[in-house]
Each structure stands twice: as structure tokens, then as C-alpha cells.
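One structure is given below, encoded as C-alpha cells.
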Amino acid sequence: MTAEDTSAHATAHTPNRPAQSLSGGAAGIALLHLERAVTSTGSWPQAHAWLERSARDGLSVADNASLYYGAPALAFVLHSCARRPGLAGALATADAGTQTVLRRKLDAAHRRIDAGARPLAAEFDLISGLTGLGVCVRRRGRPDLLRQILTYLVRLTEPIQGLPGWWTHHSDHGMAHGITGPLALCALALHDGVEVDGQTAAIRRICAWLDTWEQRGASGAWWPATVSAADVNRGDTHQDGPLRPSWCYGTPGISFAQTLAARAVGDRAHQRRAERALANCVSDPAQLARLTDRSLCHGTAGLLTVARRISADALTPMPLTPALGAHQRATAAPDEPPGFLVGTAGADLAAAITTQTAWDACLLLS
């Protein structure tokens, strides 16, 4: 299975699209209607209807609860419209559930580190793990809880037997399931003024690892989606060239996380290098041709959303026209699902080019 196949498989982790799923269920679709309501291109009754549909099966705090499923997912969505009347009870329930999940997962993660064992990606990643829960508590405005997650992420970056502390059976670089998710969260928190001991050092450790595995090609810099033990032993990647320019595993997500990190620690040279990598990627017809759908996860919507966010604070002007054109030319497949991460809702959010509800925070882009 290739890294691209892995990303498509991983985003389909919620069978039958349960309502509580931010990825493919009503919770994710609610984000589209909330953004439309806030920007007066839709209606509040329709947005509220999708919120009600999201919670129709209750708010799960089971082991698979995460930013993309269950109480944390609903908490993220509800905080898009936290000031709307009548939502206080639902918000309180979702926040309480999120804290229950957070405590359980943090305790398990620290026990694992104390035992000297290696993690599963689902412990720390954005989609299923503690980085995603960090997004939730940051959105809630709970720096106390965010600091607890940051303390864990600092420990996660400390080496174990010569390999990074986040090493599973390989090192995954992607924003969705890899180490650039924790990097982005640590950088965003530092920018917010939320800091714990060792946080800057952790940011620099991750960036140093990414620097080690940065590759150079005719179209500029790129990073392998994963680094295997065999890659480490021979000091070179098994990947021939850049994969599709996706948010989830590709150069856009990886380079954006590095721009956040560079801005957080004041490293303008590193920021320019990361910006250049994305600019070259966006301007490369061969890489754009690898995008075969219009989704946020691994399609044109993700590329456009990343490019728009990175250009807003870029030291060098960023070309948006190629990414915008690619998304405008993309057409919905007959079997395109309705959801947020790999479906119509996410594609339409990217096309609208508004982020008044900061919906892209669940992609670690704001």
C-alpha cells in the first residue's frame, strides 16, 4: 500500500459515516452550513438542523473519540457558533466529554513513555490522537489543558534508542497522521503565548529531523511521506519523488507546518525555504496533475486551503492562481461523498474562500 493509498484509507475510518464524524458525517457537513450562516450565504435554521443531526446519536467518549469523532468533534463544531443562543447545554456536554477523553488518553500516553515503549500513531496524531484533542482545547480557550498536551508532545519528541520518540514502525511526516501535526500545534500554541518547558526545543528537534529528510528535485524541495528503518540504515529515502501535493501527506501540509514553526521561533531563513517549497509545488504542472479529486484531505481543496493560509503571512508573495485554477477545474465525481474531509462539504468550503468560523483549524491551518 502506498502512502497515498494509506491516506485515502485512513480518512475512511468511520464506517457508514456516523453523524458524530467530522470526517464524513453530519458534524463535518455542519461546518459548511455554519460558515454559510455566518457569512450570510446560508441560513441559521439549516445550520442548526445539521447540528441537531450531528448529535442525534449522542456524544461518544469511547476509545475512538477524537477531534474527528464523538464528543471532541462536536465540541469543535459547536465552538464555531458558541455565542448562538440555546447551545450552552450542548457545549457544556461536549466540553466535558472532551476532557474525559483527554484525561484518559494523556494518562495512557505518559504510562507508555514511562515504560519506554514506542507509540502508535493514533496516540499522537491529528485525526485520532492527542494533537487533535489539542486543537479542541485550543479552540475552547483552555490554555491549562493545552499545556498538558504540549508537555506530552515535548516528551514525544525525546529520542528513544537513537530514533525519534514518535517513531512507530516508521516515521510518518504527514499533517494528518505524522509528526508535522504535533509540530504545527506546538508552533500555533507558542504563537498564542501558550508555552511549556522544552516546547521550543521540541519544535527544533522536529524541524531538524525534517531537514535531514528534505529532498531536492527539479521542481524544488519535497519530503518523503514516510521514513522506514531501512531508509534510516542507508541514509536515503525509498521514495523516488514527491507524491501528490496533498494536505494529508504531501508537501503542502509538511511545508505549512514548517512555516508555522519558523514564525514561532523567529527563523526567517527556514520560513523562506518552506514557503519556497510550497510555491514550487503549486507551480509544478506535473505535481498538480497528480490530484485526482477535489477533496480537502488529498485533493485540490486541501492544496488551495493550505496555499491561501500560507500566503497570508508569507515573506515572499505566494502564487495562488495555480491552486485556485486547479480547484475550479476539478469536478465532483459521481460517487463523491457529502462529507467534510473527503467530500462535497470540504470542497465547497474551500471554493467559498472564507474562514470566518476558522473551520480549517481542524486541519491545523489556523
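Lettering and numbering for the C-alpha cells are positional, with chains as A, B, ... in the shown order, residues counted from 1 in each chain, and ligands counted from 1 in the shown order.
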Could you give me the residues within region 21-216 of chain A that DSSP places in helix (DSSP H, G or I), as a short mmCIF file (atom, residue, chain, number, x, y, z; two decimals) with N, CA and C atoms, in the first residue's frame?
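This went into part.cif:
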data_model
loop_
_atom_site.label_atom_id
_atom_site.label_comp_id
_atom_site.auth_asym_id
_atom_site.auth_seq_id
_atom_site.Cartn_x
_atom_site.Cartn_y
_atom_site.Cartn_z
N ALA A 26 -22.50 14.09 9.63
CA ALA A 26 -23.22 15.35 9.75
C ALA A 26 -22.41 16.42 10.46
N ALA A 27 -21.55 16.04 11.37
CA ALA A 27 -20.74 17.03 12.09
C ALA A 27 -19.88 17.84 11.14
N GLY A 28 -19.26 17.17 10.18
CA GLY A 28 -18.44 17.87 9.21
C GLY A 28 -19.25 18.71 8.26
N ILE A 29 -20.41 18.20 7.85
CA ILE A 29 -21.28 18.96 6.96
C ILE A 29 -21.81 20.20 7.66
N ALA A 30 -22.00 20.11 8.98
CA ALA A 30 -22.45 21.27 9.74
C ALA A 30 -21.46 22.42 9.64
N LEU A 31 -20.17 22.12 9.53
CA LEU A 31 -19.18 23.19 9.39
C LEU A 31 -19.44 24.05 8.16
N LEU A 32 -19.82 23.40 7.06
CA LEU A 32 -20.14 24.15 5.84
C LEU A 32 -21.32 25.08 6.07
N HIS A 33 -22.38 24.57 6.70
CA HIS A 33 -23.58 25.38 6.87
C HIS A 33 -23.40 26.46 7.92
N LEU A 34 -22.55 26.22 8.90
CA LEU A 34 -22.24 27.27 9.87
C LEU A 34 -21.45 28.40 9.21
N GLU A 35 -20.48 28.05 8.37
CA GLU A 35 -19.73 29.08 7.66
C GLU A 35 -20.66 29.89 6.75
N ARG A 36 -21.57 29.22 6.09
CA ARG A 36 -22.52 29.93 5.23
C ARG A 36 -23.45 30.82 6.03
N ALA A 37 -23.88 30.36 7.19
CA ALA A 37 -24.76 31.18 8.02
C ALA A 37 -24.04 32.43 8.52
N VAL A 38 -22.79 32.25 8.97
CA VAL A 38 -22.02 33.37 9.49
C VAL A 38 -21.75 34.40 8.40
N TRP A 44 -29.34 30.20 9.30
CA TRP A 44 -29.11 29.61 10.61
C TRP A 44 -30.02 28.41 10.87
N PRO A 45 -31.28 28.43 10.45
CA PRO A 45 -32.10 27.23 10.66
C PRO A 45 -31.50 25.98 10.01
N GLN A 46 -30.93 26.14 8.82
CA GLN A 46 -30.31 24.99 8.17
C GLN A 46 -29.07 24.53 8.93
N ALA A 47 -28.28 25.50 9.41
CA ALA A 47 -27.09 25.15 10.19
C ALA A 47 -27.48 24.42 11.47
N HIS A 48 -28.51 24.93 12.14
CA HIS A 48 -28.96 24.29 13.38
C HIS A 48 -29.49 22.89 13.11
N ALA A 49 -30.12 22.70 11.97
CA ALA A 49 -30.63 21.37 11.64
C ALA A 49 -29.49 20.36 11.51
N TRP A 50 -28.38 20.82 10.92
CA TRP A 50 -27.22 19.92 10.80
C TRP A 50 -26.55 19.69 12.14
N LEU A 51 -26.56 20.69 13.01
CA LEU A 51 -26.03 20.49 14.36
C LEU A 51 -26.86 19.44 15.11
N GLU A 52 -28.16 19.55 15.00
CA GLU A 52 -29.03 18.58 15.67
C GLU A 52 -28.80 17.18 15.12
N ARG A 53 -28.63 17.10 13.81
CA ARG A 53 -28.38 15.80 13.20
C ARG A 53 -27.04 15.21 13.68
N SER A 54 -26.07 16.09 13.90
CA SER A 54 -24.75 15.64 14.36
C SER A 54 -24.82 14.96 15.71
N ALA A 71 -17.57 13.24 21.10
CA ALA A 71 -17.70 14.48 21.86
C ALA A 71 -16.69 15.55 21.44
N PRO A 72 -15.41 15.21 21.22
CA PRO A 72 -14.47 16.26 20.79
C PRO A 72 -14.83 16.86 19.44
N ALA A 73 -15.31 16.03 18.52
CA ALA A 73 -15.70 16.53 17.21
C ALA A 73 -16.85 17.52 17.33
N LEU A 74 -17.85 17.16 18.14
CA LEU A 74 -19.00 18.06 18.32
C LEU A 74 -18.58 19.32 19.06
N ALA A 75 -17.65 19.21 20.00
CA ALA A 75 -17.15 20.39 20.69
C ALA A 75 -16.51 21.35 19.70
N PHE A 76 -15.69 20.81 18.81
CA PHE A 76 -15.05 21.66 17.80
C PHE A 76 -16.09 22.38 16.95
N VAL A 77 -17.07 21.64 16.48
CA VAL A 77 -18.10 22.24 15.62
C VAL A 77 -18.90 23.29 16.37
N LEU A 78 -19.33 22.97 17.58
CA LEU A 78 -20.17 23.90 18.34
C LEU A 78 -19.45 25.19 18.67
N HIS A 79 -18.14 25.13 18.84
CA HIS A 79 -17.41 26.36 19.14
C HIS A 79 -17.28 27.26 17.91
N SER A 80 -17.74 26.78 16.76
CA SER A 80 -17.84 27.66 15.59
C SER A 80 -18.94 28.69 15.76
N CYS A 81 -19.88 28.38 16.64
CA CYS A 81 -21.04 29.27 16.83
C CYS A 81 -21.38 29.36 18.31
N ALA A 88 -25.74 26.41 25.01
CA ALA A 88 -24.90 26.29 26.21
C ALA A 88 -24.86 24.87 26.75
N GLY A 89 -26.01 24.22 26.80
CA GLY A 89 -26.05 22.86 27.34
C GLY A 89 -25.27 21.88 26.50
N ALA A 90 -25.45 21.96 25.18
CA ALA A 90 -24.72 21.07 24.28
C ALA A 90 -23.21 21.32 24.36
N LEU A 91 -22.84 22.60 24.45
CA LEU A 91 -21.42 22.93 24.57
C LEU A 91 -20.82 22.37 25.85
N ALA A 92 -21.52 22.52 26.95
CA ALA A 92 -21.02 22.01 28.22
C ALA A 92 -20.85 20.50 28.18
N THR A 93 -21.81 19.81 27.58
CA THR A 93 -21.73 18.35 27.48
C THR A 93 -20.56 17.92 26.61
N ALA A 94 -20.40 18.60 25.46
CA ALA A 94 -19.32 18.25 24.55
C ALA A 94 -17.96 18.55 25.18
N ASP A 95 -17.84 19.68 25.87
CA ASP A 95 -16.58 20.03 26.52
C ASP A 95 -16.23 19.04 27.63
N ALA A 96 -17.23 18.65 28.42
CA ALA A 96 -16.99 17.68 29.50
C ALA A 96 -16.54 16.34 28.92
N GLY A 97 -17.18 15.93 27.83
CA GLY A 97 -16.79 14.69 27.18
C GLY A 97 -15.37 14.76 26.63
N THR A 98 -15.02 15.90 26.07
CA THR A 98 -13.67 16.09 25.54
C THR A 98 -12.63 15.96 26.65
N GLN A 99 -12.90 16.54 27.80
CA GLN A 99 -11.97 16.45 28.91
C GLN A 99 -11.83 15.02 29.42
N THR A 100 -12.93 14.26 29.41
CA THR A 100 -12.87 12.86 29.81
C THR A 100 -11.95 12.08 28.88
N VAL A 101 -12.12 12.28 27.58
CA VAL A 101 -11.28 11.60 26.59
C VAL A 101 -9.83 12.03 26.75
N LEU A 102 -9.62 13.33 26.94
CA LEU A 102 -8.27 13.86 27.07
C LEU A 102 -7.53 13.26 28.26
N ARG A 103 -8.19 13.23 29.40
CA ARG A 103 -7.54 12.68 30.59
C ARG A 103 -7.13 11.23 30.38
N ARG A 104 -8.03 10.45 29.81
CA ARG A 104 -7.75 9.03 29.61
C ARG A 104 -6.57 8.83 28.64
N LYS A 105 -6.57 9.58 27.55
CA LYS A 105 -5.52 9.39 26.55
C LYS A 105 -4.17 9.93 27.04
N LEU A 106 -4.20 11.02 27.77
CA LEU A 106 -2.94 11.54 28.32
C LEU A 106 -2.34 10.57 29.33
N ASP A 107 -3.15 10.04 30.21
CA ASP A 107 -2.66 9.09 31.21
C ASP A 107 -2.02 7.88 30.53
N ALA A 108 -2.70 7.37 29.51
CA ALA A 108 -2.17 6.20 28.81
C ALA A 108 -0.86 6.53 28.09
N ALA A 109 -0.78 7.72 27.51
CA ALA A 109 0.43 8.11 26.78
C ALA A 109 1.62 8.26 27.72
N HIS A 110 1.42 8.88 28.86
CA HIS A 110 2.52 9.04 29.80
C HIS A 110 2.96 7.69 30.37
N ARG A 111 2.01 6.80 30.61
CA ARG A 111 2.39 5.46 31.09
C ARG A 111 3.23 4.75 30.04
N ARG A 112 2.86 4.89 28.80
CA ARG A 112 3.61 4.26 27.71
C ARG A 112 5.03 4.81 27.64
N ILE A 113 5.17 6.14 27.74
CA ILE A 113 6.51 6.74 27.70
C ILE A 113 7.33 6.29 28.91
N ASP A 114 6.72 6.28 30.08
CA ASP A 114 7.43 5.85 31.29
C ASP A 114 7.95 4.42 31.16
N ALA A 121 0.66 5.65 16.06
CA ALA A 121 0.38 6.98 15.53
C ALA A 121 -0.92 7.54 16.09
N ALA A 122 -1.87 6.66 16.35
CA ALA A 122 -3.17 7.11 16.87
C ALA A 122 -3.07 7.72 18.26
N GLU A 123 -1.96 7.52 18.95
CA GLU A 123 -1.78 8.16 20.25
C GLU A 123 -1.59 9.67 20.09
N PHE A 124 -0.83 10.08 19.06
CA PHE A 124 -0.43 11.48 18.99
C PHE A 124 -0.94 12.24 17.78
N LEU A 130 -3.82 12.83 20.38
CA LEU A 130 -3.75 13.95 21.31
C LEU A 130 -3.50 15.29 20.63
N THR A 131 -2.88 15.30 19.47
CA THR A 131 -2.76 16.56 18.74
C THR A 131 -4.13 17.08 18.36
N GLY A 132 -5.01 16.20 17.92
CA GLY A 132 -6.37 16.63 17.60
C GLY A 132 -7.12 17.15 18.81
N LEU A 133 -6.93 16.50 19.95
CA LEU A 133 -7.56 17.00 21.18
C LEU A 133 -6.98 18.36 21.57
N GLY A 134 -5.71 18.58 21.24
CA GLY A 134 -5.12 19.89 21.47
C GLY A 134 -5.80 20.97 20.65
N VAL A 135 -6.19 20.62 19.43
CA VAL A 135 -6.95 21.56 18.60
C VAL A 135 -8.26 21.92 19.30
N CYS A 136 -8.92 20.93 19.87
CA CYS A 136 -10.21 21.18 20.54
C CYS A 136 -10.06 22.13 21.72
N VAL A 137 -9.09 21.88 22.60
CA VAL A 137 -8.97 22.71 23.80
C VAL A 137 -8.41 24.08 23.47
N ARG A 138 -7.61 24.17 22.42
CA ARG A 138 -7.15 25.50 21.97
C ARG A 138 -8.33 26.31 21.47
N ARG A 139 -9.21 25.68 20.73
CA ARG A 139 -10.40 26.36 20.21
C ARG A 139 -11.31 26.78 21.37
N ARG A 140 -11.34 25.97 22.41
CA ARG A 140 -12.18 26.25 23.58
C ARG A 140 -11.59 27.39 24.42
N PRO A 143 -6.02 27.20 27.92
CA PRO A 143 -4.56 27.04 27.89
C PRO A 143 -4.05 26.05 28.92
N ASP A 144 -4.78 25.87 30.04
CA ASP A 144 -4.34 24.91 31.05
C ASP A 144 -4.34 23.49 30.49
N LEU A 145 -5.39 23.15 29.78
CA LEU A 145 -5.46 21.82 29.18
C LEU A 145 -4.49 21.70 28.01
N LEU A 146 -4.35 22.76 27.24
CA LEU A 146 -3.41 22.74 26.12
C LEU A 146 -1.99 22.52 26.62
N ARG A 147 -1.64 23.13 27.73
CA ARG A 147 -0.29 22.93 28.28
C ARG A 147 -0.04 21.47 28.66
N GLN A 148 -1.07 20.79 29.13
CA GLN A 148 -0.90 19.38 29.46
C GLN A 148 -0.56 18.58 28.20
N ILE A 149 -1.20 18.91 27.10
CA ILE A 149 -0.93 18.22 25.84
C ILE A 149 0.46 18.59 25.33
N LEU A 150 0.83 19.85 25.44
CA LEU A 150 2.16 20.28 24.99
C LEU A 150 3.26 19.59 25.79
N THR A 151 3.05 19.43 27.08
CA THR A 151 4.03 18.72 27.91
C THR A 151 4.22 17.30 27.41
N TYR A 152 3.12 16.65 27.06
CA TYR A 152 3.22 15.31 26.47
C TYR A 152 3.96 15.34 25.13
N LEU A 153 3.64 16.32 24.28
CA LEU A 153 4.28 16.37 22.96
C LEU A 153 5.78 16.62 23.08
N VAL A 154 6.19 17.39 24.07
CA VAL A 154 7.63 17.56 24.31
C VAL A 154 8.26 16.21 24.61
N ARG A 155 7.64 15.43 25.47
CA ARG A 155 8.17 14.10 25.79
C ARG A 155 8.18 13.20 24.55
N LEU A 156 7.16 13.35 23.71
CA LEU A 156 7.06 12.54 22.49
C LEU A 156 8.26 12.74 21.58
N THR A 180 4.30 16.21 11.63
CA THR A 180 4.07 17.63 11.35
C THR A 180 2.78 18.13 11.98
N GLY A 181 1.88 17.24 12.37
CA GLY A 181 0.70 17.67 13.13
C GLY A 181 1.10 18.20 14.51
N PRO A 182 1.84 17.41 15.32
CA PRO A 182 2.34 17.94 16.58
C PRO A 182 3.21 19.19 16.41
N LEU A 183 4.01 19.23 15.34
CA LEU A 183 4.83 20.43 15.10
C LEU A 183 3.95 21.66 14.92
N ALA A 184 2.91 21.53 14.12
CA ALA A 184 2.02 22.67 13.87
C ALA A 184 1.33 23.11 15.15
N LEU A 185 0.86 22.16 15.96
CA LEU A 185 0.18 22.53 17.21
C LEU A 185 1.13 23.22 18.17
N CYS A 186 2.34 22.70 18.32
CA CYS A 186 3.32 23.34 19.20
C CYS A 186 3.62 24.76 18.73
N ALA A 187 3.73 24.95 17.42
CA ALA A 187 4.04 26.27 16.89
C ALA A 187 2.87 27.23 17.06
N LEU A 188 1.65 26.78 16.79
CA LEU A 188 0.48 27.64 16.96
C LEU A 188 0.32 28.05 18.42
N ALA A 189 0.54 27.11 19.33
CA ALA A 189 0.43 27.42 20.76
C ALA A 189 1.48 28.45 21.17
N LEU A 190 2.71 28.27 20.69
CA LEU A 190 3.78 29.21 21.02
C LEU A 190 3.43 30.60 20.49
N HIS A 191 2.89 30.66 19.30
CA HIS A 191 2.45 31.94 18.73
C HIS A 191 1.36 32.58 19.58
N ASP A 192 0.50 31.74 20.18
CA ASP A 192 -0.57 32.23 21.06
C ASP A 192 -0.05 32.68 22.42
N GLN A 199 9.31 23.25 24.94
CA GLN A 199 8.49 23.33 23.73
C GLN A 199 9.29 23.82 22.52
N THR A 200 10.08 24.87 22.71
CA THR A 200 10.89 25.37 21.60
C THR A 200 11.91 24.34 21.17
N ALA A 201 12.51 23.66 22.13
CA ALA A 201 13.47 22.60 21.80
C ALA A 201 12.80 21.48 21.02
N ALA A 202 11.56 21.14 21.38
CA ALA A 202 10.82 20.11 20.66
C ALA A 202 10.56 20.53 19.22
N ILE A 203 10.18 21.79 19.04
CA ILE A 203 9.96 22.31 17.69
C ILE A 203 11.23 22.18 16.87
N ARG A 204 12.35 22.55 17.46
CA ARG A 204 13.62 22.49 16.74
C ARG A 204 14.03 21.04 16.45
N ARG A 205 13.72 20.11 17.35
CA ARG A 205 14.04 18.70 17.10
C ARG A 205 13.28 18.18 15.89
N ILE A 206 12.00 18.50 15.83
CA ILE A 206 11.20 18.02 14.70
C ILE A 206 11.70 18.65 13.40
N CYS A 207 11.96 19.95 13.44
CA CYS A 207 12.44 20.63 12.24
C CYS A 207 13.79 20.07 11.78
N ALA A 208 14.66 19.74 12.73
CA ALA A 208 15.95 19.16 12.37
C ALA A 208 15.77 17.81 11.67
N TRP A 209 14.82 17.01 12.16
CA TRP A 209 14.54 15.73 11.51
C TRP A 209 14.02 15.95 10.10
N LEU A 210 13.12 16.90 9.92
CA LEU A 210 12.60 17.20 8.58
C LEU A 210 13.70 17.72 7.67
N ASP A 211 14.61 18.51 8.21
CA ASP A 211 15.74 19.00 7.42
C ASP A 211 16.59 17.83 6.94
N THR A 212 16.77 16.85 7.80
CA THR A 212 17.58 15.68 7.44
C THR A 212 17.00 14.95 6.24
#
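Here the strand (DSSP E or B) residues in region 22-164 of chain A, by DSSP on the backbone, are Ser66, Tyr69, Ile160 and Leu163 of chain A.
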Quick one: write out the picked residues with N, CA, C and O atoms as an mmCIF file, in the first residue's frame?
data_model
loop_
_atom_site.group_PDB
_atom_site.id
_atom_site.type_symbol
_atom_site.label_atom_id
_atom_site.label_comp_id
_atom_site.auth_asym_id
_atom_site.auth_seq_id
_atom_site.Cartn_x
_atom_site.Cartn_y
_atom_site.Cartn_z
ATOM 1 N N SER A 66 -12.315 11.398 19.288
ATOM 2 C CA SER A 66 -11.172 12.203 18.858
ATOM 3 C C SER A 66 -11.693 13.495 18.246
ATOM 4 O O SER A 66 -12.904 13.726 18.181
ATOM 5 N N TYR A 69 -14.187 12.476 15.765
ATOM 6 C CA TYR A 69 -15.327 11.606 16.095
ATOM 7 C C TYR A 69 -15.753 11.809 17.543
ATOM 8 O O TYR A 69 -14.914 11.901 18.448
ATOM 9 N N ILE A 160 14.334 7.851 21.583
ATOM 10 C CA ILE A 160 14.333 6.544 22.246
ATOM 11 C C ILE A 160 15.257 5.629 21.448
ATOM 12 O O ILE A 160 14.993 5.344 20.280
ATOM 13 N N LEU A 163 16.325 6.724 17.854
ATOM 14 C CA LEU A 163 15.297 7.117 16.895
ATOM 15 C C LEU A 163 14.344 8.094 17.570
ATOM 16 O O LEU A 163 14.242 8.129 18.802
#
Exercise. With distances taken over only C-alpha atoms, which of A:Ala301, A:Leu296, A:Ala279, A:Ala289 is nearest to Ala314 (chain A)?
Worked result: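 Residue with the minimum atom-to-atom distance to Ala314 (chain A): A:Ala279.
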For this session: Using only C-alpha atoms, determine which residues lie at most 10 Å from Ser228 (chain A), disregarding the query and same-chain residues fewer than 4 positions distant; provide the list as an NGL selection string.
Result: :A and (167-172 or 232-233 or 236-238)
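Proximity ranking of A:Gly266, A:Thr321, A:Gly129, A:Ala358 relative to Asp63 (chain A) places A:Gly129 first, based on only C-alpha atoms.
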